[in-house]
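The structure under discussion appears below in the form of structure tokens.
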Amino acid sequence: MRVLTDAGFDAIGFLRGIHATGAQFLVRSSATLRPLVQDRPPDGSYLTRLSAPYRTGHGYGLLTVRVIEAWITVKLADGTVRREQWRLITSLTDPALHPARRLATPYHERWQAETCYASVKATLLDGRVLRSGHPADLDQEVRGILTVYQALIHTAADAATHRPGLDMDRLSFTIALNAARDQVTTASGILPSGTAQLVGTTGRALLDNLLPAHRRQRPKARSLKSHSKYAPNTAQHPATAQTYTFHTEIAITEKGLAPRSHR
């Protein structure tokens, strides 16, 4: 498992806790951290050691990590360009197996977790609140919702295997939900005729209604109230989702990382 986090979760104690479970981490570093360059692999990243405060009997608790510093440029379809610095810290220290540029891309996609929440709350539940009034019943209701979600996601994954190279981002959760719902309400296409196929009615509906090839920007903080913690970002994002290009330049920032912008 690879754990991705936003800035603010780069404390060594937290990272060591993740690593102790057997998982790997790829986290965004805050600008206040100034790691020392100890070794430079050919991909532009560097190795360093993070140290925890001294503890009697434990020393400083050093942790060897790899640091990837890069300039990230995002260009939206309407011509808007955003450019900023990233510093990523990872336990994946082998640059041959995990090149710096290849790690920057999945980190950029960490916000896809938000589309999971949106799929459950806005699409699957259609904005409805949970109906149960007892903790045990709420637990059962949530488990049922997540079971349906996972079933639809696995159906989409099965469908994607029939199109080599197909990006899962192009499969619509809404299409999958509507196709599955139609099968339940009409009781059609439940039992296949002849040999069972991995791609059933829902899978065919997904493959016949693919989303655009380029990923869309995640909608964020467009109509939030001024007292919200997201207020600095209000109106800074397009009103509608757009396609965009993502470009990475791996380069060590010798003078340190600039503080993050709140625009």
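The way I read the labels, and the way they are meant: chains A, B, ... in the order of the structure tokens, residue 1 as the first residue of every chain, and ligand 1 as the first ligand shown, with later ones counted on from there.
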
Near-A:Pro106 list (9 Å; only C-alpha atoms; drop same-chain fewer than 4 positions) as a compact mmCIF listing (two decimals) with N, CA, C and O atoms, in the first residue's frame:
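Saved result, part.txt, follows:
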# COMPACT_ATOMS: atom_id res chain seq x y z
N LEU A 4 -0.74 8.36 0.43
CA LEU A 4 -0.53 9.71 -0.09
C LEU A 4 -1.18 10.70 0.87
O LEU A 4 -2.32 10.50 1.29
N ARG A 102 7.73 9.61 -12.28
CA ARG A 102 6.61 8.67 -12.21
C ARG A 102 5.90 8.76 -10.87
O ARG A 102 4.69 8.53 -10.78
N ARG A 110 -3.90 12.20 -6.10
CA ARG A 110 -4.42 11.83 -4.77
C ARG A 110 -5.82 12.39 -4.54
O ARG A 110 -6.60 11.82 -3.77

Report as a ChimeraX atom specification: the residues of stretch 85-210 of chain A with a DSSP assignment of alpha helix (DSSP H), based on the backbone of this structure.
/A:100-108,112-118,135-160,173-186,201-207

May I ask for the distance between atom CA of A:Ser91 and atom CA of A:Ile18, given in Å to one decimal place?
9.8 Å

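With atom CA of A:Leu207 on one side and atom CA of A:Ala160 on the other, the separation reads 7.8 Å.
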
Members of stretch 60-98 of chain A assigned strand (DSSP E or B) by DSSP, as a list in words
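Taking stretch 60-98 of chain A and keeping strand (DSSP E or B) only, one gets Leu63, Thr64, Val65, Arg66, Val67, Ile68, Glu69, Ala70, Trp71, Ile72, Thr73, Val74, Lys75, Leu76, Val81, Arg82, Arg83, Glu84, Gln85, Trp86, Arg87, Leu88, Ile89 and Thr90 of chain A.
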
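Each of A:Leu15, A:Ser45, A:Tyr107, A:Thr80 was checked against A:Leu62 using only C-alpha atoms; the smallest atom-to-atom distance is that of A:Leu15.
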
Report, in Å to a single decimal, how far apart atom CA of A:Leu26 and atom CA of A:Gly44 are.
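Between these atoms lies a distance of 16.4 Å.
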
For A:Leu257, work out the shell of residues within 9 Å, counting only C-alpha atoms and skipping chain neighbours fewer than 3 positions away, then give it as number ranges by chain.
A: 30-34, 69, 85-87, 253-254, 260

Who sits within 7 Å of A:Arg66, only C-alpha atoms, same chain under 5 positions skipped, as a PyMOL selection string
chain A and resi 45-48+89-93

Using only C-alpha atoms, determine which residues lie at most 9 Å from A:Asn209, disregarding the query and same-chain residues fewer than 4 positions distant; provide the list as a short mmCIF file (atom, residue, chain, number, x, y, z; two decimals) with N, CA, C and O atoms, in the first residue's frame.
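Everything below was put into selection.cif:
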data_model
loop_
_atom_site.label_atom_id
_atom_site.label_comp_id
_atom_site.auth_asym_id
_atom_site.auth_seq_id
_atom_site.Cartn_x
_atom_site.Cartn_y
_atom_site.Cartn_z
N ARG A 170 -11.89 7.13 -17.33
CA ARG A 170 -12.87 7.36 -18.40
C ARG A 170 -14.17 6.59 -18.18
O ARG A 170 -15.10 6.74 -18.97
N LEU A 171 -14.24 5.79 -17.14
CA LEU A 171 -15.44 5.02 -16.86
C LEU A 171 -16.30 5.80 -15.87
O LEU A 171 -15.84 6.19 -14.80
N SER A 172 -17.53 6.04 -16.24
CA SER A 172 -18.43 6.88 -15.45
C SER A 172 -19.13 6.08 -14.35
O SER A 172 -19.82 5.10 -14.63
N ILE A 175 -22.93 6.18 -14.94
CA ILE A 175 -23.39 5.20 -15.93
C ILE A 175 -23.49 3.82 -15.31
O ILE A 175 -24.47 3.08 -15.51
N ARG A 204 -20.83 -3.26 -20.37
CA ARG A 204 -21.02 -2.80 -21.76
C ARG A 204 -21.50 -1.36 -21.79
O ARG A 204 -21.10 -0.56 -22.65
N ALA A 205 -22.37 -1.00 -20.83
CA ALA A 205 -22.85 0.38 -20.77
C ALA A 205 -21.70 1.34 -20.48
O ALA A 205 -21.63 2.44 -21.04
#

My list of candidates is A:Ser29, A:Thr21, A:Ser132, A:Thr73. Which is closest to A:Thr245 when distances are computed with only C-alpha atoms?
A:Thr73

Could the residues of stretch 73-131 of chain A that have an atom at most 9 Å from stretch 144-157 of chain A be listed as CSV, each with its closest atom pair and the distance in Å to one decimal, counting only C-alpha atoms and ordered by chain and ascending residue number?
residue,atom,partner,partner_atom,distance
A:Cys116,CA,A:Tyr149,CA,8.9
A:Ser119,CA,A:Tyr149,CA,8.3
A:Val120,CA,A:Tyr149,CA,7.1
A:Leu124,CA,A:Tyr149,CA,7.8
A:Leu125,CA,A:Ile145,CA,8.3

A:Tyr244 environment, 6 Å, only C-alpha atoms, sequence neighbours closer than 5 positions dropped, as a PDB file with N, CA, C and O atoms, in the first residue's frame:
ATOM      1  N   LYS A  75      -1.930  23.474 -17.000  1.00  0.00           N
ATOM      2  CA  LYS A  75      -2.546  24.376 -17.970  1.00  0.00           C
ATOM      3  C   LYS A  75      -3.952  23.891 -18.267  1.00  0.00           C
ATOM      4  O   LYS A  75      -4.156  22.770 -18.735  1.00  0.00           O
ATOM      5  N   LEU A  76      -4.947  24.747 -17.977  1.00  0.00           N
ATOM      6  CA  LEU A  76      -6.338  24.392 -18.210  1.00  0.00           C
ATOM      7  C   LEU A  76      -6.713  24.630 -19.669  1.00  0.00           C
ATOM      8  O   LEU A  76      -6.030  25.349 -20.398  1.00  0.00           O
ATOM      9  N   ALA A  77      -7.829  24.034 -20.059  1.00  0.00           N
ATOM     10  CA  ALA A  77      -8.274  24.150 -21.445  1.00  0.00           C
ATOM     11  C   ALA A  77      -8.578  25.597 -21.823  1.00  0.00           C
ATOM     12  O   ALA A  77      -8.474  25.972 -22.993  1.00  0.00           O
TER      13      ALA A  77
END
